[in-house]
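Shown next: model-v5.pdb, given as PDB, C-alpha atoms and all ligand atoms.
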```
ATOM      1  CA  PRO A  31     -13.349  19.233  29.782
ATOM      2  CA  LEU A  32     -15.288  16.493  31.527
ATOM      3  CA  PRO A  33     -13.261  13.363  32.340
ATOM      4  CA  HIS A  34     -15.195  11.354  29.773
ATOM      5  CA  ASN A  35     -14.211  13.856  27.095
ATOM      6  CA  ARG A  36     -10.609  13.733  25.975
ATOM      7  CA  ILE A  37      -8.313  14.118  23.010
ATOM      8  CA  GLU A  38      -5.515  11.658  22.381
ATOM      9  CA  VAL A  39      -2.620  12.443  20.064
ATOM     10  CA  LEU A  40      -1.438   9.451  18.043
ATOM     11  CA  LEU A  41       0.674  11.603  15.740
ATOM     12  CA  ARG A  42       4.380  11.574  16.434
ATOM     13  CA  PRO A  43       5.617  15.183  16.870
ATOM     14  CA  GLY A  44       7.181  16.317  13.622
ATOM     15  CA  ALA A  45       5.486  13.573  11.607
ATOM     16  CA  LEU A  46       3.300  15.958   9.607
ATOM     17  CA  ARG A  47       6.184  18.191   8.672
ATOM     18  CA  GLU A  48       8.389  15.245   7.714
ATOM     19  CA  GLY A  49       5.563  13.962   5.543
ATOM     20  CA  LEU A  50       5.177  17.364   3.902
ATOM     21  CA  ILE A  51       8.892  17.535   3.143
ATOM     22  CA  ARG A  52       8.888  14.027   1.646
ATOM     23  CA  ASP A  53       5.740  14.685  -0.397
ATOM     24  CA  VAL A  54       6.991  18.031  -1.717
ATOM     25  CA  ALA A  55      10.411  16.677  -2.642
ATOM     26  CA  SER A  56       8.971  13.655  -4.436
ATOM     27  CA  GLY A  57       5.996  15.518  -5.916
ATOM     28  CA  PHE A  58       7.981  18.421  -7.380
ATOM     29  CA  GLY A  59      10.625  15.922  -8.520
ATOM     30  CA  ALA A  60       8.049  13.906 -10.446
ATOM     31  CA  SER A  61       6.932  14.529 -13.990
ATOM     32  CA  PRO A  62       4.202  15.650 -14.224
ATOM     33  CA  LYS A  63       4.471  17.446 -10.889
ATOM     34  CA  ARG A  64       1.990  16.519  -8.176
ATOM     35  CA  LEU A  65       1.145  17.367  -4.563
ATOM     36  CA  PRO A  66      -1.193  15.447  -2.223
ATOM     37  CA  PRO A  67      -4.486  17.243  -1.488
ATOM     38  CA  LYS A  68      -4.068  16.959   2.265
ATOM     39  CA  TYR A  69      -1.966  20.132   2.361
ATOM     40  CA  PHE A  70      -4.924  22.325   1.367
ATOM     41  CA  TYR A  71      -6.298  22.060   4.864
ATOM     42  CA  ASP A  72      -4.554  24.555   7.103
ATOM     43  CA  ASP A  73      -6.922  26.885   9.000
ATOM     44  CA  ARG A  74      -7.460  29.116   5.969
ATOM     45  CA  GLY A  75      -7.880  26.144   3.625
ATOM     46  CA  SER A  76     -10.329  24.428   5.962
ATOM     47  CA  GLY A  77     -12.356  27.653   6.035
ATOM     48  CA  LEU A  78     -12.253  27.878   2.238
ATOM     49  CA  PHE A  79     -13.421  24.267   2.010
ATOM     50  CA  GLU A  80     -16.359  25.112   4.310
ATOM     51  CA  ASP A  81     -17.149  27.958   1.873
ATOM     52  CA  VAL A  82     -16.964  25.485  -1.043
ATOM     53  CA  THR A  83     -19.551  23.254   0.628
ATOM     54  CA  ARG A  84     -22.011  26.169   0.542
ATOM     55  CA  LEU A  85     -21.525  26.979  -3.163
ATOM     56  CA  PRO A  86     -24.533  26.451  -5.440
ATOM     57  CA  GLU A  87     -22.377  24.330  -7.793
ATOM     58  CA  TYR A  88     -20.922  22.073  -5.093
ATOM     59  CA  TYR A  89     -23.821  19.658  -4.606
ATOM     60  CA  LEU A  90     -21.839  16.956  -2.753
ATOM     61  CA  THR A  91     -22.218  18.138   0.835
ATOM     62  CA  ARG A  92     -25.915  18.965   0.522
ATOM     63  CA  ALA A  93     -26.619  15.659  -1.217
ATOM     64  CA  GLU A  94     -24.858  13.666   1.480
ATOM     65  CA  ARG A  95     -26.585  15.597   4.238
ATOM     66  CA  ALA A  96     -29.999  14.954   2.680
ATOM     67  CA  LEU A  97     -29.206  11.233   2.444
ATOM     68  CA  LEU A  98     -28.179  11.194   6.095
ATOM     69  CA  GLU A  99     -31.317  13.092   7.050
ATOM     70  CA  ALA A 100     -33.508  10.649   5.169
ATOM     71  CA  HIS A 101     -31.786   7.429   6.245
ATOM     72  CA  ALA A 102     -30.009   7.977   9.555
ATOM     73  CA  SER A 103     -32.345   5.738  11.524
ATOM     74  CA  GLU A 104     -32.087   2.921   8.957
ATOM     75  CA  ILE A 105     -28.310   3.304   9.039
ATOM     76  CA  ALA A 106     -28.227   3.197  12.815
ATOM     77  CA  GLN A 107     -30.481   0.148  12.929
ATOM     78  CA  ALA A 108     -28.497  -1.739  10.341
ATOM     79  CA  ALA A 109     -25.148  -0.862  11.917
ATOM     80  CA  ASP A 110     -26.289  -1.932  15.369
ATOM     81  CA  ALA A 111     -23.282  -0.167  16.907
ATOM     82  CA  ARG A 112     -22.614   1.566  20.221
ATOM     83  CA  VAL A 113     -19.798   3.797  19.043
ATOM     84  CA  LEU A 114     -19.577   6.228  16.149
ATOM     85  CA  LEU A 115     -15.988   6.471  14.885
ATOM     86  CA  GLU A 116     -15.620   9.182  12.258
ATOM     87  CA  LEU A 117     -12.528   9.348  10.050
ATOM     88  CA  GLY A 118     -11.596  12.855   8.894
ATOM     89  CA  SER A 119     -14.308  14.334  11.060
ATOM     90  CA  GLY A 120     -13.382  17.979  10.369
ATOM     91  CA  SER A 121     -16.100  20.181  11.794
ATOM     92  CA  SER A 122     -18.347  17.157  12.592
ATOM     93  CA  ALA A 123     -21.221  19.038  10.966
ATOM     94  CA  LYS A 124     -23.060  15.949   9.678
ATOM     95  CA  THR A 125     -22.262  13.873  12.718
ATOM     96  CA  ARG A 126     -25.254  14.969  14.751
ATOM     97  CA  LEU A 127     -27.668  13.230  12.393
ATOM     98  CA  LEU A 128     -25.931   9.907  13.039
ATOM     99  CA  LEU A 129     -25.471  10.535  16.760
ATOM    100  CA  ASP A 130     -29.166  11.311  17.194
ATOM    101  CA  ALA A 131     -30.200   8.178  15.323
ATOM    102  CA  MET A 132     -27.761   5.952  17.209
ATOM    103  CA  ALA A 133     -28.738   7.414  20.587
ATOM    104  CA  VAL A 134     -32.137   5.738  20.301
ATOM    105  CA  ASP A 135     -30.578   2.365  21.089
ATOM    106  CA  GLY A 136     -27.893   3.546  23.452
ATOM    107  CA  LEU A 137     -24.745   5.271  22.347
ATOM    108  CA  ALA A 138     -21.523   4.655  24.280
ATOM    109  CA  ALA A 139     -19.138   7.116  22.661
ATOM    110  CA  TYR A 140     -18.227   9.330  19.740
ATOM    111  CA  VAL A 141     -14.680   8.906  18.438
ATOM    112  CA  PRO A 142     -13.728  11.573  15.878
ATOM    113  CA  VAL A 143     -10.381  11.096  14.162
ATOM    114  CA  ASP A 144      -8.759  14.058  12.467
ATOM    115  CA  VAL A 145      -5.296  15.273  11.609
ATOM    116  CA  SER A 146      -6.083  18.745  12.965
ATOM    117  CA  GLU A 147      -6.142  19.041  16.744
ATOM    118  CA  GLY A 148      -7.696  22.494  16.432
ATOM    119  CA  ALA A 149     -10.575  21.146  14.350
ATOM    120  CA  LEU A 150     -11.164  18.349  16.877
ATOM    121  CA  GLN A 151     -11.178  20.757  19.799
ATOM    122  CA  GLY A 152     -13.653  23.041  18.073
ATOM    123  CA  ALA A 153     -15.924  20.205  16.972
ATOM    124  CA  LEU A 154     -15.886  18.543  20.399
ATOM    125  CA  ALA A 155     -16.556  21.819  22.200
ATOM    126  CA  ASP A 156     -19.600  22.421  19.956
ATOM    127  CA  LEU A 157     -20.847  18.881  20.488
ATOM    128  CA  ALA A 158     -20.386  19.039  24.264
ATOM    129  CA  ALA A 159     -22.862  21.916  24.392
ATOM    130  CA  ASP A 160     -25.584  19.807  22.749
ATOM    131  CA  TYR A 161     -24.650  16.346  24.063
ATOM    132  CA  PRO A 162     -23.359  16.953  27.597
ATOM    133  CA  ALA A 163     -23.716  13.287  28.565
ATOM    134  CA  LEU A 164     -21.991  11.838  25.495
ATOM    135  CA  PRO A 165     -18.488  10.487  26.141
ATOM    136  CA  THR A 166     -16.114  11.617  23.399
ATOM    137  CA  HIS A 167     -12.657  10.378  22.612
ATOM    138  CA  GLY A 168     -11.018  12.557  19.966
ATOM    139  CA  VAL A 169      -7.979  11.134  18.215
ATOM    140  CA  VAL A 170      -5.409  13.268  16.430
ATOM    141  CA  ALA A 171      -4.101  10.951  13.748
ATOM    142  CA  ASP A 172      -3.320  10.755  10.073
ATOM    143  CA  PHE A 173      -5.546   8.051   8.625
ATOM    144  CA  GLU A 174      -2.817   7.312   6.153
ATOM    145  CA  ASP A 175      -0.993   5.798   9.165
ATOM    146  CA  ARG A 176      -1.956   2.901  11.413
ATOM    147  CA  LEU A 177      -5.688   2.427  11.950
ATOM    148  CA  VAL A 178      -5.454  -0.581  14.251
ATOM    149  CA  ASP A 179      -4.608   1.657  17.220
ATOM    150  CA  LEU A 180      -7.961   3.458  17.098
ATOM    151  CA  PRO A 181     -10.017   3.208  20.289
ATOM    152  CA  SER A 182     -12.733   0.598  20.512
ATOM    153  CA  PRO A 183     -14.963   1.332  23.504
ATOM    154  CA  GLY A 184     -17.766  -0.802  22.010
ATOM    155  CA  ARG A 185     -19.031  -2.067  18.678
ATOM    156  CA  ARG A 186     -18.245   0.637  16.141
ATOM    157  CA  LEU A 187     -19.853   2.206  13.112
ATOM    158  CA  PHE A 188     -16.961   3.675  11.125
ATOM    159  CA  ALA A 189     -17.972   6.709   9.070
ATOM    160  CA  PHE A 190     -15.879   8.033   6.196
ATOM    161  CA  LEU A 191     -17.981  10.738   4.616
ATOM    162  CA  GLY A 192     -17.775  13.518   2.060
ATOM    163  CA  SER A 193     -16.323  11.303  -0.689
ATOM    164  CA  THR A 194     -12.911  11.943   0.820
ATOM    165  CA  ILE A 195     -12.053   8.403  -0.298
ATOM    166  CA  GLY A 196     -12.113   9.802  -3.851
ATOM    167  CA  ASN A 197      -8.944  11.742  -3.113
ATOM    168  CA  PHE A 198      -6.900   8.533  -3.004
ATOM    169  CA  ALA A 199      -5.486   7.197  -6.248
ATOM    170  CA  PRO A 200      -6.706   3.632  -6.869
ATOM    171  CA  PRO A 201      -3.678   1.830  -5.337
ATOM    172  CA  GLU A 202      -3.781   4.006  -2.191
ATOM    173  CA  ARG A 203      -7.533   3.514  -2.017
ATOM    174  CA  ALA A 204      -7.140  -0.259  -2.029
ATOM    175  CA  ASP A 205      -4.432  -0.013   0.619
ATOM    176  CA  PHE A 206      -6.590   2.274   2.759
ATOM    177  CA  LEU A 207      -9.616  -0.033   2.564
ATOM    178  CA  ASP A 208      -7.420  -3.036   3.415
ATOM    179  CA  ARG A 209      -6.050  -1.289   6.487
ATOM    180  CA  LEU A 210      -9.494  -0.092   7.484
ATOM    181  CA  ALA A 211     -10.982  -3.582   7.172
ATOM    182  CA  ASP A 212      -8.057  -4.907   9.242
ATOM    183  CA  ALA A 213      -8.839  -2.380  11.957
ATOM    184  CA  MET A 214     -12.508  -3.408  12.034
ATOM    185  CA  ALA A 215     -13.721  -6.302  14.150
ATOM    186  CA  PRO A 216     -16.031  -8.873  12.543
ATOM    187  CA  GLY A 217     -19.566  -7.462  12.593
ATOM    188  CA  GLU A 218     -18.468  -3.832  12.639
ATOM    189  CA  THR A 219     -19.631  -1.611   9.795
ATOM    190  CA  LEU A 220     -18.405   1.147   7.506
ATOM    191  CA  LEU A 221     -20.603   3.994   6.290
ATOM    192  CA  LEU A 222     -18.900   5.349   3.181
ATOM    193  CA  GLY A 223     -19.826   8.509   1.257
ATOM    194  CA  THR A 224     -19.011   8.434  -2.456
ATOM    195  CA  ASP A 225     -19.717  10.950  -5.182
ATOM    196  CA  LEU A 226     -21.048   9.340  -8.365
ATOM    197  CA  VAL A 227     -20.143   9.562 -12.053
ATOM    198  CA  LYS A 228     -22.423  12.093 -13.746
ATOM    199  CA  ASP A 229     -22.635  14.735 -16.479
ATOM    200  CA  PRO A 230     -19.048  16.043 -16.797
ATOM    201  CA  ALA A 231     -20.268  19.629 -17.199
ATOM    202  CA  ARG A 232     -21.815  19.508 -13.725
ATOM    203  CA  LEU A 233     -18.671  18.005 -12.284
ATOM    204  CA  VAL A 234     -16.485  20.684 -13.830
ATOM    205  CA  ARG A 235     -18.766  23.416 -12.464
ATOM    206  CA  ALA A 236     -18.594  21.840  -8.991
ATOM    207  CA  TYR A 237     -14.797  22.079  -9.097
ATOM    208  CA  ASP A 238     -14.527  25.399 -10.942
ATOM    209  CA  ASP A 239     -17.251  27.565  -9.454
ATOM    210  CA  ALA A 240     -18.288  30.940 -10.801
ATOM    211  CA  ALA A 241     -17.301  32.810  -7.614
ATOM    212  CA  GLY A 242     -13.759  31.425  -7.715
ATOM    213  CA  VAL A 243     -13.840  29.926  -4.229
ATOM    214  CA  THR A 244     -12.468  26.562  -5.384
ATOM    215  CA  ALA A 245      -9.692  28.401  -7.223
ATOM    216  CA  GLU A 246      -8.778  30.164  -3.972
ATOM    217  CA  PHE A 247      -8.921  26.817  -2.134
ATOM    218  CA  ASN A 248      -6.620  25.219  -4.718
ATOM    219  CA  LEU A 249      -4.187  28.161  -4.664
ATOM    220  CA  ASN A 250      -4.076  27.935  -0.875
ATOM    221  CA  VAL A 251      -1.544  25.134  -1.176
ATOM    222  CA  ILE A 252       0.928  27.742  -2.486
ATOM    223  CA  HIS A 253       0.463  29.766   0.710
ATOM    224  CA  VAL A 254       0.950  26.599   2.779
ATOM    225  CA  LEU A 255       4.217  25.751   0.998
ATOM    226  CA  ASN A 256       5.523  29.306   1.384
ATOM    227  CA  ARG A 257       4.731  29.392   5.077
ATOM    228  CA  GLU A 258       5.793  25.866   6.029
ATOM    229  CA  LEU A 259       8.897  25.664   3.865
ATOM    230  CA  ASP A 260       9.955  29.310   3.689
ATOM    231  CA  GLY A 261       9.100  29.549   0.003
ATOM    232  CA  ASP A 262       8.781  32.425  -2.421
ATOM    233  CA  LEU A 263       6.223  31.013  -4.838
ATOM    234  CA  ASP A 264       3.822  33.687  -6.125
ATOM    235  CA  PRO A 265       0.185  32.519  -6.177
ATOM    236  CA  GLY A 266      -0.373  35.100  -8.912
ATOM    237  CA  ASP A 267       1.839  33.020 -11.212
ATOM    238  CA  PHE A 268      -0.682  30.164 -11.222
ATOM    239  CA  ARG A 269      -4.175  29.527 -12.487
ATOM    240  CA  HIS A 270      -6.708  27.038 -11.124
ATOM    241  CA  ARG A 271      -7.727  24.200 -13.459
ATOM    242  CA  ALA A 272     -10.366  21.502 -13.021
ATOM    243  CA  VAL A 273     -10.662  18.767 -15.655
ATOM    244  CA  TRP A 274     -12.764  15.607 -15.999
ATOM    245  CA  ASP A 275     -10.703  12.523 -16.877
ATOM    246  CA  ALA A 276     -13.253  10.335 -18.644
ATOM    247  CA  ASP A 277     -11.041   7.233 -18.773
ATOM    248  CA  ARG A 278     -10.207   7.180 -15.111
ATOM    249  CA  GLU A 279     -13.521   8.711 -14.040
ATOM    250  CA  TRP A 280     -12.033  11.316 -11.782
ATOM    251  CA  MET A 281     -11.917  15.091 -11.509
ATOM    252  CA  GLU A 282      -8.433  16.431 -11.498
ATOM    253  CA  MET A 283      -7.446  19.797 -10.060
ATOM    254  CA  SER A 284      -4.167  21.399 -10.914
ATOM    255  CA  LEU A 285      -2.349  24.708 -10.843
ATOM    256  CA  ARG A 286      -0.981  25.855 -14.194
ATOM    257  CA  ALA A 287       1.968  28.226 -14.427
ATOM    258  CA  LEU A 288       0.928  31.364 -16.322
ATOM    259  CA  ARG A 289       4.581  32.169 -17.058
ATOM    260  CA  PRO A 290       7.944  30.527 -16.391
ATOM    261  CA  VAL A 291       8.421  30.215 -12.642
ATOM    262  CA  SER A 292      11.689  29.979 -10.731
ATOM    263  CA  ALA A 293      11.151  29.744  -7.000
ATOM    264  CA  ARG A 294      12.857  28.325  -3.966
ATOM    265  CA  LEU A 295      11.666  26.482  -0.870
ATOM    266  CA  GLN A 296      14.409  27.737   1.384
ATOM    267  CA  ALA A 297      13.739  25.419   4.333
ATOM    268  CA  ILE A 298      14.520  22.326   2.280
ATOM    269  CA  GLY A 299      16.926  23.934  -0.196
ATOM    270  CA  LEU A 300      14.685  22.998  -3.114
ATOM    271  CA  ASP A 301      14.579  24.990  -6.336
ATOM    272  CA  VAL A 302      11.222  24.759  -8.063
ATOM    273  CA  GLU A 303      10.964  25.481 -11.773
ATOM    274  CA  PHE A 304       7.869  25.561 -13.967
ATOM    275  CA  ALA A 305       7.819  26.097 -17.702
ATOM    276  CA  GLU A 306       5.016  28.348 -18.922
ATOM    277  CA  GLY A 307       1.872  26.213 -19.063
ATOM    278  CA  GLU A 308       3.331  23.475 -16.872
ATOM    279  CA  GLU A 309       0.976  22.116 -14.229
ATOM    280  CA  VAL A 310       1.187  20.624 -10.796
ATOM    281  CA  ARG A 311      -1.657  18.220 -10.038
ATOM    282  CA  THR A 312      -3.038  19.054  -6.623
ATOM    283  CA  GLU A 313      -6.031  16.712  -6.300
ATOM    284  CA  ILE A 314      -7.896  13.863  -7.853
ATOM    285  CA  SER A 315     -11.487  13.375  -6.827
ATOM    286  CA  ALA A 316     -12.683  10.009  -8.082
ATOM    287  CA  LYS A 317     -16.336   9.537  -9.010
ATOM    288  CA  PHE A 318     -17.889   6.130  -8.445
ATOM    289  CA  ARG A 319     -20.447   3.665  -9.731
ATOM    290  CA  LYS A 320     -22.183   1.162  -7.490
ATOM    291  CA  ASP A 321     -20.414  -1.829  -9.001
ATOM    292  CA  ARG A 322     -16.996  -0.334  -8.389
ATOM    293  CA  VAL A 323     -17.810   0.518  -4.771
ATOM    294  CA  THR A 324     -19.134  -3.020  -4.235
ATOM    295  CA  THR A 325     -16.057  -4.633  -5.785
ATOM    296  CA  GLU A 326     -13.515  -2.482  -4.003
ATOM    297  CA  LEU A 327     -15.189  -3.061  -0.644
ATOM    298  CA  LYS A 328     -15.354  -6.788  -1.331
ATOM    299  CA  GLU A 329     -11.670  -6.897  -2.257
ATOM    300  CA  ALA A 330     -10.931  -5.455   1.176
ATOM    301  CA  GLY A 331     -13.133  -8.052   2.867
ATOM    302  CA  LEU A 332     -16.182  -5.821   3.398
ATOM    303  CA  GLU A 333     -19.653  -6.843   2.288
ATOM    304  CA  LEU A 334     -21.983  -4.163   0.925
ATOM    305  CA  GLU A 335     -25.267  -4.400   2.843
ATOM    306  CA  ALA A 336     -27.076  -1.230   1.868
ATOM    307  CA  TRP A 337     -26.832   1.539  -0.715
ATOM    308  CA  TRP A 338     -28.681   4.856  -0.505
ATOM    309  CA  THR A 339     -28.514   7.365  -3.341
ATOM    310  CA  ASP A 340     -30.198  10.386  -4.874
ATOM    311  CA  GLY A 341     -28.524   9.634  -8.203
ATOM    312  CA  ASP A 342     -25.717  12.137  -7.586
ATOM    313  CA  PHE A 343     -24.118  10.852  -4.390
ATOM    314  CA  ALA A 344     -24.269   7.582  -2.487
ATOM    315  CA  LEU A 345     -23.949   6.299   1.030
ATOM    316  CA  SER A 346     -23.059   2.671   1.415
ATOM    317  CA  LEU A 347     -23.014   0.470   4.466
ATOM    318  CA  ALA A 348     -20.603  -2.445   4.456
ATOM    319  CA  ARG A 349     -19.877  -5.043   7.099
ATOM    320  CA  ARG A 350     -16.655  -6.795   8.017
TER     321      ARG A 350
HETATM  322  C1  LIG B   1     -13.630  17.014   0.698
HETATM  323  C2  LIG B   1     -12.053  15.847  -0.519
HETATM  324  C3  LIG B   1     -14.298  15.349  -0.820
HETATM  325  O1  LIG B   1     -12.826  16.088  -3.501
HETATM  326  O2  LIG B   1     -14.766  17.071  -3.591
HETATM  327  C4  LIG B   1     -13.706  20.357  -2.950
HETATM  328  C5  LIG B   1     -12.419  18.490  -1.709
HETATM  329  N1  LIG B   1     -11.829  19.764  -3.786
HETATM  330  N2  LIG B   1     -13.486  21.076  -4.052
HETATM  331  C6  LIG B   1     -13.697  16.833  -3.027
HETATM  332  C7  LIG B   1     -12.656  19.512  -2.769
HETATM  333  C8  LIG B   1     -12.342  20.716  -4.544
HETATM  334  C9  LIG B   1     -13.495  17.460  -1.658
HETATM  335  N3  LIG B   1     -13.344  16.439  -0.593
END
```

Let's see the structure in the file written out as structure tokens.
Amino acid sequence: PLPHNRIEVLLRPGALREGLIRDVASGFGASPKRLPPKYFYDDRGSGLFEDVTRLPEYYLTRAERALLEAHASEIAQAADARVLLELGSGSSAKTRLLLDAMAVDGLAAYVPVDVSEGALQGALADLAADYPALPTHGVVADFEDRLVDLPSPGRRLFAFLGSTIGNFAPPERADFLDRLADAMAPGETLLLGTDLVKDPARLVRAYDDAAGVTAEFNLNVIHVLNRELDGDLDPGDFRHRAVWDADREWMEMSLRALRPVSARLQAIGLDVEFAEGEEVRTEISAKFRKDRVTTELKEAGLELEAWWTDGDFALSLARR
């Protein structure tokens, strides 16, 4: 790699595994059982998620991309930043639209932050081919940890796309936005992607597609547990479920035991029992309204300056 392209690891070795062990012990100990969605995303799960984004029912990614295509130059002008810092950058597929728009007024660096070093390497290698002069500073970090250590080689536009923020439960979401606002300097901006409340039937289809790709994605967490914790859970014992919670305005994904399950996660000496019909919640995906986004940003000390939407999905720009 060129000297102005590097990857920095802010994750303590072993931190991810320790987190997994804590989350599995507490999540399987809880009633109802729950697991955090971040464990979907091993290499296979990340590939399945990419497949999800191409499904006819999963409108989110296409909607966000169209909004970025339509408004990238407005976003870049309003943000008035020299650095694009992307949280949870994954494959950086939508990043180019922002980079191109920001390059018009001089772009100093791209700073993708992701928990997967492999994903960062791949994304940065792809980008280097198209933007050979662009300095990049990849950061391997868990954005549930400290955000104040993130590099700041110039005034930043923070991007948190894909409605990933919807995967936090409300208290964690507030905590995340507080920490993010703390990490931002006055005048810096946040571009936030949020999926919107809509017809529940469309939401359920988006999370329970006809081809069964989302089911495979959801069941992937069973494979991850078996591999990482030497488990003997049988994915065939579980069925994918996706339900709209109208009171809390979120989609909930779970795995439901088709029969009584008795399994063991050998590496942590944990016996896992499910009654027939018992579920483990694997993801919430909150859906937003403009007033809630505005309020939650404001509570974190961020002022909403612009809102772009197609009615299904929204991009908002907020300033510290
Ligand atoms: C990438 C976290 C935004 O919640 O819609 C896709 C993940 N889950 N299908 C979402 C997901 C089920 C996705 N996020």

>> Applying the PyMOL selection byres (((not hetatm)) within 8 of (chain B and resi 1)) to the file I just gave you, which residues come out? Please list them as a ChimeraX atom specification.
In response: /A:67,79,82-83,88,90,192-197,236-237,244,247-248,283,313-316

>> Neighbouring residues of segment 210-212 of chain A were defined as those with any atom within 7 Å, considering all atoms listed in the file; residues of the same chain fewer than 6 positions away were excluded. Please report them as an MDAnalysis selection string.
In response: chainID A and resid 177 330:332 350

> Care to translate the PyMOL selection byres (((chain A and resi 278) around 12) and not hetatm) into actual residues of this file, as number ranges by chain?
Replying inline: A: 196, 199-200, 227, 273-277, 279-282, 314-318

> Closest to Ala305 of chain A among A:Lys63, A:Ala155, A:Asn35, A:Arg203, using only C-alpha atoms?
Replying inline: A:Lys63

>> For a test of reading the model, state the distance in Å between atom CA of Arg74 of chain A and atom CA of Leu249 of chain A, rounded to one decimal.
In response: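 Separation of atom CA of Arg74 of chain A and atom CA of Leu249 of chain A: 11.2 Å.
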
>> Expand the PyMOL selection byres (((chain A and resi 145) around 6) and not hetatm) into the explicit residue set it covers here, and present it as a list of chain:residue names.
In response: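 In the shown coordinates, the PyMOL selection byres (((chain A and resi 145) around 6) and not hetatm) covers A:Asp144, A:Ser146, A:Val170, A:Ala171, A:Asp172.
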
>> Calculated over only C-alpha atoms, which of the candidates A:Ser56, A:Glu80, A:Ala336, A:Arg271 has the smallest distance to Arg92 of chain A?
In response: A:Glu80

Listed atoms of segment 129-135 of chain A boxed along x, y and z, 6 Å each side, centre and edge lengths in Å, one decimal, as JSON:
```
{"center_x": -28.8, "center_y": 6.8, "center_z": 18.2, "size_x": 18.7, "size_y": 20.9, "size_z": 17.8}
```

I need every residue sitting at most 8 Å from the point (-26.3, 0.5, 10.4) (coordinates as in the file, only C-alpha atoms considered), written as a PDB file with C-alpha atoms, keeping the file's coordinate frame.
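Writing the result to point.pdb gives the following:
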```pdb
ATOM      1  CA  GLU A 104     -32.087   2.921   8.957  1.00  0.00           C
ATOM      2  CA  ILE A 105     -28.310   3.304   9.039  1.00  0.00           C
ATOM      3  CA  ALA A 106     -28.227   3.197  12.815  1.00  0.00           C
ATOM      4  CA  GLN A 107     -30.481   0.148  12.929  1.00  0.00           C
ATOM      5  CA  ALA A 108     -28.497  -1.739  10.341  1.00  0.00           C
ATOM      6  CA  ALA A 109     -25.148  -0.862  11.917  1.00  0.00           C
ATOM      7  CA  ASP A 110     -26.289  -1.932  15.369  1.00  0.00           C
ATOM      8  CA  ALA A 111     -23.282  -0.167  16.907  1.00  0.00           C
ATOM      9  CA  LEU A 187     -19.853   2.206  13.112  1.00  0.00           C
ATOM     10  CA  THR A 219     -19.631  -1.611   9.795  1.00  0.00           C
ATOM     11  CA  LEU A 221     -20.603   3.994   6.290  1.00  0.00           C
ATOM     12  CA  LEU A 347     -23.014   0.470   4.466  1.00  0.00           C
TER      13      LEU A 347
END
```

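The closest residue to Leu263 of chain A, picked from A:Asp239, A:Glu48, A:Glu87, A:Asp301 and counting all atoms listed in the file, is A:Asp301.
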
>> Need the shell around Glu246 of chain A: protein/DNA/RNA residues with any atom at most 10 Å away, counting all atoms listed in the file. Skip same-chain ones fewer than 4 positions apart. Format as a ChimeraX atom specification?
In response: /A:75,78-79,82,241-242,250-251,265,269-270

Report as CSV: every residue of segment 152-241 of chain A with an atom at most 10 Å from segment 123-140 of chain A, its closest pair of atoms, and their distance in Å to one decimal, counting all atoms listed in the file, with rows sorted by chain and ascending residue number.
```
residue,atom,partner,partner_atom,distance
A:Ala153,CA,A:Ala123,CA,8.1
A:Leu154,CA,A:Tyr140,CA,9.5
A:Asp156,CA,A:Ala123,CA,9.7
A:Leu157,CA,A:Arg126,CA,8.2
A:Asp160,CA,A:Arg126,CA,9.4
A:Tyr161,CA,A:Leu129,CA,9.4
A:Ala163,CA,A:Ala139,CA,9.7
A:Leu164,CA,A:Ala139,CA,6.2
A:Pro165,CA,A:Ala139,CA,4.9
A:Thr166,CA,A:Tyr140,CA,4.8
A:His167,CA,A:Tyr140,CA,6.4
A:Gly168,CA,A:Tyr140,CA,7.9
A:Ser182,CA,A:Ala139,CA,9.4
A:Pro183,CA,A:Ala139,CA,7.2
A:Gly184,CA,A:Ala138,CA,7.0
A:Arg185,CA,A:Ala138,CA,9.1
A:Arg186,CA,A:Ala139,CA,9.2
A:Leu187,CA,A:Met132,CA,9.7
A:Ala189,CA,A:Thr125,CA,9.1
A:Leu191,CA,A:Lys124,CA,8.9
A:Gly192,CA,A:Lys124,CA,9.6
```

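Atom to atom, atom CA of Ala204 of chain A and atom CA of Val113 of chain A stand 24.9 Å apart.
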
> What is the distance, in Å and to one decimal place, between atom CA of Gln296 of chain A and atom CA of Ala245 of chain A?
Replying inline: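 Distance between the two atoms: 25.6 Å.
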
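Comparing A:Leu85, A:Val178, A:Leu50, A:Ala96 by their smallest distance to Arg209 of chain A, the closest is A:Val178 (using all atoms listed in the file).
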
For Arg257 of chain A, please output as a short mmCIF file (atom, residue, chain, number, x, y, z; two decimals) with C-alpha atoms, keeping the file's coordinate frame all residues within 12 Å (counting all atoms listed in the file; exclusion window: fewer than 2 positions along the same chain).
```cif
data_model
loop_
_atom_site.label_atom_id
_atom_site.label_comp_id
_atom_site.auth_asym_id
_atom_site.auth_seq_id
_atom_site.Cartn_x
_atom_site.Cartn_y
_atom_site.Cartn_z
CA ARG A 47 6.18 18.19 8.67
CA TYR A 69 -1.97 20.13 2.36
CA ASP A 72 -4.55 24.56 7.10
CA ASN A 250 -4.08 27.94 -0.88
CA VAL A 251 -1.54 25.13 -1.18
CA ILE A 252 0.93 27.74 -2.49
CA HIS A 253 0.46 29.77 0.71
CA VAL A 254 0.95 26.60 2.78
CA LEU A 255 4.22 25.75 1.00
CA LEU A 259 8.90 25.66 3.86
CA ASP A 260 9.96 29.31 3.69
CA GLY A 261 9.10 29.55 0.00
CA ASP A 262 8.78 32.42 -2.42
CA LEU A 263 6.22 31.01 -4.84
CA LEU A 295 11.67 26.48 -0.87
CA GLN A 296 14.41 27.74 1.38
CA ALA A 297 13.74 25.42 4.33
#
```
